[in-house]
Structures are given as structure tokens and as C-alpha cells.
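Report on one structure; see the data block that follows.
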4 protein chains.
Amino acid sequence: MPPNQQRRNPHSYAAILDATFEQLTSVGYQRMTIEAVASMAGVGKATVYRWWPNKARLVVEALSKRCELPPVTSTGDLRHDVRSLVERAIELMVKTPLGATLPHLAGDFDDAPEARVELLEWLGPTRASQRALLYEAAGRGDLPHDLDAGLTLDLMAGAIMYRHLLGDDLDDRFVEQFVGLIVDRQLPRIGTPDERLI
Amino acid sequence: MPPNQQRRNPHSYAAILDATFEQLTSVGYQRMTIEAVASMAGVGKATVYRWWPNKARLVVEALSKRCELPPVTSTGDLRHDVRSLVERAIELMVKTPLGATLPHLAGDFDDAPEARVELLEWLGPTRASQRALLYEAAGRGDLPHDLDAGLTLDLMAGAIMYRHLLGDDLDDRFVEQFVGLIVDRQLPRIGTPDERLI
Amino acid sequence: MPPNQQRRNPHSYAAILDATFEQLTSVGYQRMTIEAVASMAGVGKATVYRWWPNKARLVVEALSKRCELPPVTSTGDLRHDVRSLVERAIELMVKTPLGATLPHLAGDFDDAPEARVELLEWLGPTRASQRALLYEAAGRGDLPHDLDAGLTLDLMAGAIMYRHLLGDDLDDRFVEQFVGLIVDRQLPRIGTPDERLI
Amino acid sequence: MPPNQQRRNPHSYAAILDATFEQLTSVGYQRMTIEAVASMAGVGKATVYRWWPNKARLVVEALSKRCELPPVTSTGDLRHDVRSLVERAIELMVKTPLGATLPHLAGDFDDAPEARVELLEWLGPTRASQRALLYEAAGRGDLPHDLDAGLTLDLMAGAIMYRHLLGDDLDDRFVEQFVGLIVDRQLPRIGTPDERLI
DNA sequence: ACTTAACCGAGACGGTACGTCGAGTCTTTCT
DNA sequence: AGAAAGACTCGACGTACCGTCTCGGTTAAGT
């Protein structure tokens, strides 16, 4: 889409993404303004608009270039793997601007459908590695052979985001309850997680 | 919070909530404008600002006064009850502005914490009736006696909202997979739900 | 114009005029608001509007009831009389809100013609006494027998207001120059007034 | 004072001054609105506020750029010169928005002292040429050699403005009375001007 | 090496909506 | 019935960003 990728000033490019990520972190998606990003990046507004057609695209690219999404790897221990899956997802949603940004971003997807595509492309590999982890366990017989890994992961991500949005805790109990659901097929229960694992 | 509840003009009050709900439905939270709401309601902007300190509060009140949240009731048939629970939740998220609005609203909760409280107060009774339905099943022995109904329902709501945001389907398969998870403790599987129930 | 003069609350009436005059003095005509006047007078806005149709009328009445306009009296010494005429006019324009208010008031006369009438009615006796002073001198032969006293006084008042508006001084030199013009028919000259009187 | 004179759009600049002058003429200073000026000029409100800090400054500039103030020139005939001086001043006060605007403007000088300066700078050359005309007559011996031309002219302008404000006539009699005062040192008299000139 | 075209910063532009203020009207409540 | 209190509609205020646009100045490519 941009005019000529090669003539692009790499300093400006990096500075804009940095500024965007910084603003996202400090004031959030709503209060972030292109004007502030440009000024913080020491860049003309037009330079931002030259390379990104709208806020959603800019933000998705900033997230994708400045948020690390380390792929999960299987250890063969399902309980351990699922636990770290959940923990990592919580970390991503709570410690990076992604969790707070995603909902607003989603709202702009109506106007900027390509932003949705780009976001999914970025998240794709991570989600694939998460699915792969589950499929491997399914291959070992630790999970149903025809598990719907996508939905399973959406249950996890959805619950995390939902609770995060409503301001609820995402503590160890949550982790263990979800692990219990997947690994032990136990519905979440009141009480210490440890009890439930007995 | 507002100046004097008794002197309030009920016509204006109703018109403002109507206009807010209408705008929410037609253009969404982001594009909804206090100015447009006021003008559509045939009301001065100041009248809106007199009674609601910000957009979030206005929207929460409009949702709570204009969205019906019929309490769910138990029939004794767990599968049927859970299914209608999920169906009703999907309906709420997809057919009313609530689903599309919630995430944006949540983003404004940082600035308007009372809006979160008000939202939770509105949702409270419904969530309570949903929990009650699950507790009743637990009492009958159809679900664990110490089930964490809150988390169970958050799993449901979270998945619905998450999928809705990302533009995924929320079809019968989803419903049956979730019902299967709760009632049969079967993890979601690929394939027709019917198969899975065998 | 007001509904019923007799049932008028004299406390409110006085308080409103006091507050108007006070506001006029402290913040000026432009920045004076009916709201502030009402609140300062401990009175409802409607009470102000009940008795005065607009700001101009209210202000004219406040000026006429709270500004003293002592009639000038002749001593037989023309130079002395004219000097005290000018000094008193300057005092009125500079030390009371009248000078600063008159121009703005005049601007509102287009919308409130009765305010002009009322103002002139108030000023009438004073101007008449000023004219009488000049006519008396004319009778003595100290001034032309068919002097146009109205224009003569307008020259004085106009110059005072004009200089006041443009921020120029209205010092003793001005007084003596004007006195010299009337009494000695000397055009104003540069130099100390005393010199000119020799 | 404004950001950068060179980058200024001359079309907008001219359009704003035109609109301001037009509004001044048609609805007057008080009812003139920045919003209306901007919209009539086909310009964003911010563009007006970018270049003018307040209404007073805008109006002064509009007057100074859109009101012609032709310098008066001497013919050697004092009576004729003074007469045309007065006539021209009346014309300026009565036929242009200046007369009606000046008083209101003056009221805003407290908040915008630079507007006063700018106004005086604009009026400066004209007043200088008027003074020059009188000084020339003084040089010829037709007027006192040390005439205070400034005050003489303020007498004229003040009387004109004062009468204009109070709604009085400014007819030929006024002109001749003032000419008589200056040229013949006759105080203004009742009766036809012609009589007085005998 | 020298044009020349694209990018760059800067920031003015026409707009839209903001949240506030005061005008002038109207209704409710109290005296 | 008059007055206080104050909610109401309306319209303008001055501000903040939007996304577009012109400016010169620089930089890298292609003759």
C-alpha cells in the first residue's frame, strides 16, 4: 500500500512504532492520538498517514513489531504444558497493552477490515503453536484425538479477556481451574486448587 | 449523583436513553456522539451532561434500561437448561448492541470506574439467576456440589464475546460443544455435535 | 410592564439593584451576567426577568438608582461654574461605572429602545440643570443670548467619553482648555493652561 | 504574533476579513459571532483563532483593512477645509460600522489591550493628517500658532460619536456649528447656521 | 556529477465534536 | 400569588484532533 517501501526512512519508521507502542501503554488506545504519536516520534503527521491508512493498522503493526509472542513448546507433560499455555496467555493480556487494546481494536475492524486480517496474521503462528501443543497431546492420547483445539483455546483466551475487561482477578486459581478443566475434565470448583487436584 | 432526581424531566430522560440506544445500535459506541444523541432526543447538550458525567455512564444506563435481560429459569433438564443459557447469552451478545459495546465500554472504565460498577450492578441479577440455575443442578447432583459457577459462566461469556469480536461464527456447533463441556465433561471436538454425544 | 408593582418584594428589588451595580463596577457591563446578579442577590433568575425585560433596562435602572447626579448650581462666576461643570462630568464618567457602561448600553439600544428612553429620562434633569446654568450666564450676557446649550454640553460630554474610551488622560489641562473655549472663546492650545489664561 | 505569516492562506485571510466586516455591518459587534464569521468565510473556526486571539483584534483588523480613511488635504481655505473634515468624520462614524463598533470595542480593550494599540495605529495616520491640516492653518495665521490640534479633533470626534450613540441627528447645522466654533470662534447658537455666518 | 523525484519535518487548512457557560423560559415547591 | 430554586432548550464559546494539503529541504537513483 505505501508508495515505495525502499525509500522509507527506517529511523522514522522505528520511531513511529516506538511512539505508538509507548502511547498505547501509557494512555491506551482511545486516548492515543496520531498527532501525539507523530510529535513524540519527531515526525510529521503526514509521514504517519503516508504509511498507515488508519489508527487500527498502525496499532496492529506496533503491537506485532513490539510485542513478543514466544511460541509455546511441548514438554510431553500435558499438565505442565497447559499450565504454561494459560500463564503465558494471561501475561500477554495483562502485562502488555494487547489485552486492553484488543477490544477497542475490534471495534475499529468494521472500518478497517484489513486490520483484522493483519492482526490474525500476526497472532496466527502463536495460535498455531498453541494448537500444535494440544494436537501433540491428542496424538499421545492425553486428549481426545479429534479435539477442537481452536475452540478450546478460544475458551481460554475469551475467559482471560472477559475477566480482564470486567476487572476480575486472573490468579493461580484461575490457571489451575482451567488446567483442571482441560487435563482432568473437571469443571471449575470452589476451593483451593490443590484440593481439587487430589 | 445528578442534581435533583425529582425535578428531572421524564420526557427528556426517556428520549435521551432512546436516542442513545438507537445510536448505539446504528452507528456503534465509537461513532456515537453526545451531540447527535442530544439532537436526536430534541434536547440540549447540557441536559445530557447535567445527568451523565460521561459517555460510558450514559451508555451503561441506556443498555440497562433498554436491553431486556430475562432471568433464566430451571426446568430440571440440565442439558436443556444449559443449552438455553448459552443460546440466550449468544442472542444478547449478537442481537443487541451489548456485545459490540461491551469492549469499548470496558476501555472507558479506566476513566469512569463508576460505569463499571453500574454495569456490574445491572448484570448482577442476571448472572445470579444463571448461577442459581447451575447451583440447582449441582444440588440435584448433576454438577459438582462445589462448582465455581462464576468462572463457568465467564468461560461461556468470554468465549462468546471473544469469537464475536474476532468475527467468528457462533452457531449451533458452538452451543453444543459448550453444552457437551458442561454436561458431559467432554472437551470440544471436531465433527458434528451429534456424533460427540453418542 | 412588571405584573404588579405593589406585590413586588422590596428586599429582592433592592438586592438586585445592589448586585447589578456591584457587578457593573467590578466586572463591567459585558462580563456582568444576569445569573451572577441573581445569585449575588440571593434571588431566582426568574425574579430578575419578571421585573426587567433585559440587561439594558436592568442596568439603566441600577445606574439611575445607585448613581448620584447632583444638579449643578450657578454661583454667578461663569469660569468657576463651567469648571465645576466639567469636573463633575469627568468625575461621573471616570469614577462611576457610567462612563464605561454607556457605550455598551448604547449598543443595546437597538434591541431595547425603551432603555434609551429610560436613560434619557434619568439624565434629563441633570442635563436640564446644566443647560440652565449656561442659560443663566447667557441671560447675564456672559454667553451668547441664543447659545445652543445642548450642543455645547454634548461637546463636553463627547470629548470626555471619547478620551476616556481611548484611554487618554482627563486632567486639569483638559478642564482648563474646555473652560477657556467656553468662557474665553480661545481654541485649545498647547502649553500650560495657566499661560493661556493670561 | 500569529504562528507563521508566510504559510498563511491569503484566500482565507481575505475571506475572514470580508466576513467580519460584513457581519459587523449587518448585525453589529455584539451579535457578531466568530462561528458565523468562520462559516460565512468558508473557513474552520480554528483558522480564525489561529490568527486572532479574540474578537476585538479581529474586528480592529477588519475595520482597518476594509474601511477607507482617506487623508484630508488642505486647500488653503480654512472654512472649507474644516467643513470637509467634519463631514468626512461624520461619514466615517455614520456610514461605516466604525461608529457603532467603536464603543463596544473600547469595552473590550480592558481584556485586549493590544487591540487598543492596533486601533490607534490604524487611526494614527488619519489623525496626523487631520492635525497637519490644522497646523497648516495655524502656520498661515488662521488659527492660534500653538493650537492643541489633538484636543480640537477629539472635541469633534467625541461630539459626533456621543450624538450618534444617543441617537441624535448629525446634520448640516451640526457641521456649521462646529465650523463656526473653530473658524469664527463662535459658540454654537440656536438658529439657522446661515444667520450665524453673517 | 547532476538532475530529479520521492520522502521528510513542519504545520496550516476545513471540519467535527468536545465539554462549558449563559440567555431566557418554564415548572415545581414553599411561604 | 409571589418568590426561591433550578431544570430546560438553545447557541456560542474556545480547544483538540481528524485527515488532507502545501511548503521547502534533503537524500538517493538514474541518467
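Labeling convention for the C-alpha cells: chains A, B, ... as they appear, residues from 1 per chain, ligands from 1 in order of appearance.
With only C-alpha atoms (C1' of nucleotides) taken into account, the protein and nucleic acid residues at most 9 Å from Thr126 in chain A (excluding it and anything under 6 positions from it in its own chain) are Leu69, Pro70, Pro71 and Val72 of chain A.
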Neighbours of chain A in chain E at 10 Å, counting only C-alpha atoms (C1' of nucleotides), as a list in words: DA6, DC7, DC8, DG9, DA10 and DG11 of chain E
With N, CA and C atoms (P, O5', C5', C4', C3', O3' and C1' of nucleotides) retained, could you export that selection as a PDB file, in the first residue's frame?
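Output (selection27.pdb):
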```pdb
ATOM      1  P    DA E   6       7.829  10.416  -7.976  1.00  0.00           P
ATOM      2  O5'  DA E   6       8.043   9.903  -6.498  1.00  0.00           O
ATOM      3  C5'  DA E   6       8.956   8.844  -6.255  1.00  0.00           C
ATOM      4  C4'  DA E   6       9.480   8.985  -4.838  1.00  0.00           C
ATOM      5  C3'  DA E   6       8.366   9.257  -3.825  1.00  0.00           C
ATOM      6  O3'  DA E   6       8.352   8.227  -2.851  1.00  0.00           O
ATOM      7  C1'  DA E   6      10.180  10.798  -3.579  1.00  0.00           C
ATOM      8  P    DC E   7       7.381   8.263  -1.636  1.00  0.00           P
ATOM      9  O5'  DC E   7       8.359   8.878  -0.532  1.00  0.00           O
ATOM     10  C5'  DC E   7       9.573   8.208  -0.216  1.00  0.00           C
ATOM     11  C4'  DC E   7      10.303   9.021   0.830  1.00  0.00           C
ATOM     12  C3'  DC E   7       9.444   9.327   2.048  1.00  0.00           C
ATOM     13  O3'  DC E   7      10.137   8.924   3.228  1.00  0.00           O
ATOM     14  C1'  DC E   7      10.404  11.321   1.185  1.00  0.00           C
ATOM     15  P    DC E   8       9.340   8.935   4.596  1.00  0.00           P
ATOM     16  O5'  DC E   8       9.738  10.360   5.170  1.00  0.00           O
ATOM     17  C5'  DC E   8      11.095  10.574   5.592  1.00  0.00           C
ATOM     18  C4'  DC E   8      11.321  12.043   5.851  1.00  0.00           C
ATOM     19  C3'  DC E   8      10.350  12.661   6.856  1.00  0.00           C
ATOM     20  O3'  DC E   8      10.872  12.504   8.160  1.00  0.00           O
ATOM     21  C1'  DC E   8      10.842  14.124   5.003  1.00  0.00           C
ATOM     22  P    DG E   9       9.967  12.890   9.376  1.00  0.00           P
ATOM     23  O5'  DG E   9      10.200  14.471   9.442  1.00  0.00           O
ATOM     24  C5'  DG E   9      11.237  15.047  10.253  1.00  0.00           C
ATOM     25  C4'  DG E   9      10.918  16.520  10.420  1.00  0.00           C
ATOM     26  C3'  DG E   9       9.599  16.752  11.144  1.00  0.00           C
ATOM     27  O3'  DG E   9       9.734  17.143  12.523  1.00  0.00           O
ATOM     28  C1'  DG E   9       9.609  17.870   9.005  1.00  0.00           C
ATOM     29  P    DA E  10      10.073  18.594  13.004  1.00  0.00           P
ATOM     30  O5'  DA E  10       8.975  19.517  12.324  1.00  0.00           O
ATOM     31  C5'  DA E  10       9.452  20.753  11.745  1.00  0.00           C
ATOM     32  C4'  DA E  10       8.340  21.474  11.035  1.00  0.00           C
ATOM     33  C3'  DA E  10       7.139  21.782  11.940  1.00  0.00           C
ATOM     34  O3'  DA E  10       7.192  23.165  12.227  1.00  0.00           O
ATOM     35  C1'  DA E  10       6.506  21.146   9.717  1.00  0.00           C
ATOM     36  P    DG E  11       6.311  23.765  13.393  1.00  0.00           P
ATOM     37  O5'  DG E  11       4.950  24.060  12.633  1.00  0.00           O
ATOM     38  C5'  DG E  11       4.968  24.836  11.446  1.00  0.00           C
ATOM     39  C4'  DG E  11       3.641  24.641  10.739  1.00  0.00           C
ATOM     40  C3'  DG E  11       2.436  24.660  11.716  1.00  0.00           C
ATOM     41  O3'  DG E  11       1.397  25.392  11.116  1.00  0.00           O
ATOM     42  C1'  DG E  11       2.298  22.868  10.298  1.00  0.00           C
TER      43       DG E  11
END
```
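The interatomic distance for the pair CA of Glu121 in chain C and CA of Val48 in chain C works out to 21.9 Å.
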Within 10 Å of Arg131 in chain C, counting only C-alpha atoms (C1' of nucleotides), which residues show up once you throw out same-chain ones fewer than 6 positions away? Write them as JSON, numbers by chain, please. {"C": [72, 125, 137, 147, 148, 149, 150, 151, 152, 153]}
Could the residues of chain F within 8 Å of chain B, counting only C-alpha atoms (C1' of nucleotides), be given as a PyMOL selection string, please? chain F and resi 7-10
Just write the chosen residues, C-alpha atoms (C1' of nucleotides), as a short mmCIF file (atom, residue, chain, number, x, y, z; two decimals), in the first residue's frame.
```cif
data_model
loop_
_atom_site.label_atom_id
_atom_site.label_comp_id
_atom_site.auth_asym_id
_atom_site.auth_seq_id
_atom_site.Cartn_x
_atom_site.Cartn_y
_atom_site.Cartn_z
"C1'" DA F 7 -34.07 22.20 35.06
"C1'" DC F 8 -34.94 23.14 30.43
"C1'" DT F 9 -33.61 24.34 25.08
"C1'" DC F 10 -30.65 26.82 22.61
#
```
Please, which residues in chain D fall within 10 Å of chain C when counting only C-alpha atoms, and what is the closest atom pair and distance in Å to one decimal for each, ordered by chain then residue number, as a tab-separated table?
```
residue	atom	partner	partner_atom	distance
D:Gly28	CA	C:Gly107	CA	8.5
D:Tyr29	CA	C:Gly107	CA	8.5
D:Gln30	CA	C:Gly107	CA	7.7
D:Ala100	CA	C:Gly107	CA	7.1
D:Thr101	CA	C:Gly107	CA	8.2
D:Leu102	CA	C:Pro103	CA	8.5
D:Pro103	CA	C:Pro103	CA	4.8
D:His104	CA	C:His104	CA	5.4
D:Leu105	CA	C:His104	CA	9.0
D:Ala106	CA	C:Leu165	CA	5.6
D:Gly107	CA	C:Ala100	CA	6.9
D:Asp108	CA	C:Gln30	CA	8.3
D:Phe109	CA	C:Leu165	CA	8.8
D:Asp110	CA	C:Gly28	CA	9.7
D:Arg116	CA	C:Leu166	CA	7.4
D:Val117	CA	C:Leu166	CA	9.5
D:Leu119	CA	C:Leu166	CA	9.4
D:Leu120	CA	C:Leu166	CA	8.3
D:Leu143	CA	C:Leu187	CA	8.3
D:Pro144	CA	C:Arg189	CA	7.5
D:His145	CA	C:Arg189	CA	8.4
D:Asp146	CA	C:Arg189	CA	5.4
D:Leu147	CA	C:Arg189	CA	4.1
D:Asp148	CA	C:Arg189	CA	4.3
D:Ala149	CA	C:Pro188	CA	7.7
D:Gly150	CA	C:Pro188	CA	9.1
D:Leu151	CA	C:Pro188	CA	6.9
D:Thr152	CA	C:Pro188	CA	6.6
D:Leu153	CA	C:Ala159	CA	9.2
D:Asp154	CA	C:Ala159	CA	5.8
D:Leu155	CA	C:Ala159	CA	4.9
D:Met156	CA	C:Leu155	CA	7.4
D:Ala157	CA	C:Ala159	CA	7.4
D:Gly158	CA	C:Gly158	CA	4.0
D:Ala159	CA	C:Gly158	CA	4.4
D:Ile160	CA	C:Gly158	CA	7.4
D:Met161	CA	C:Gly158	CA	6.9
D:Tyr162	CA	C:Gly158	CA	4.9
D:Arg163	CA	C:Asp154	CA	7.3
D:His164	CA	C:Ala106	CA	9.4
D:Leu165	CA	C:Ala106	CA	5.8
D:Leu166	CA	C:Ala106	CA	6.9
D:Gly167	CA	C:Arg116	CA	8.9
D:Phe174	CA	C:Leu151	CA	8.2
D:Gln177	CA	C:Leu151	CA	8.8
D:Phe178	CA	C:Leu151	CA	9.5
D:Leu181	CA	C:Arg185	CA	8.4
D:Ile182	CA	C:Leu187	CA	7.1
D:Val183	CA	C:Leu187	CA	9.6
D:Asp184	CA	C:Arg185	CA	9.5
D:Arg185	CA	C:Arg185	CA	5.9
D:Gln186	CA	C:Arg185	CA	7.2
D:Leu187	CA	C:Leu147	CA	6.8
D:Pro188	CA	C:Asp148	CA	5.3
D:Arg189	CA	C:Leu147	CA	4.2
D:Ile190	CA	C:Asp148	CA	4.9
D:Gly191	CA	C:Asp146	CA	7.7
```
Based on DSSP run over this structure's backbone, return all residues of range 8-123 of chain B in helix (DSSP H, G or I), as number ranges by chain. B: 10-31, 34-41, 45-51, 55-66, 78-95, 98-108, 113-123
If you measure from CA of Leu78 in chain A to CA of Leu92 in chain A, what distance in Å do you get, rounded to one decimal? 20.9 Å
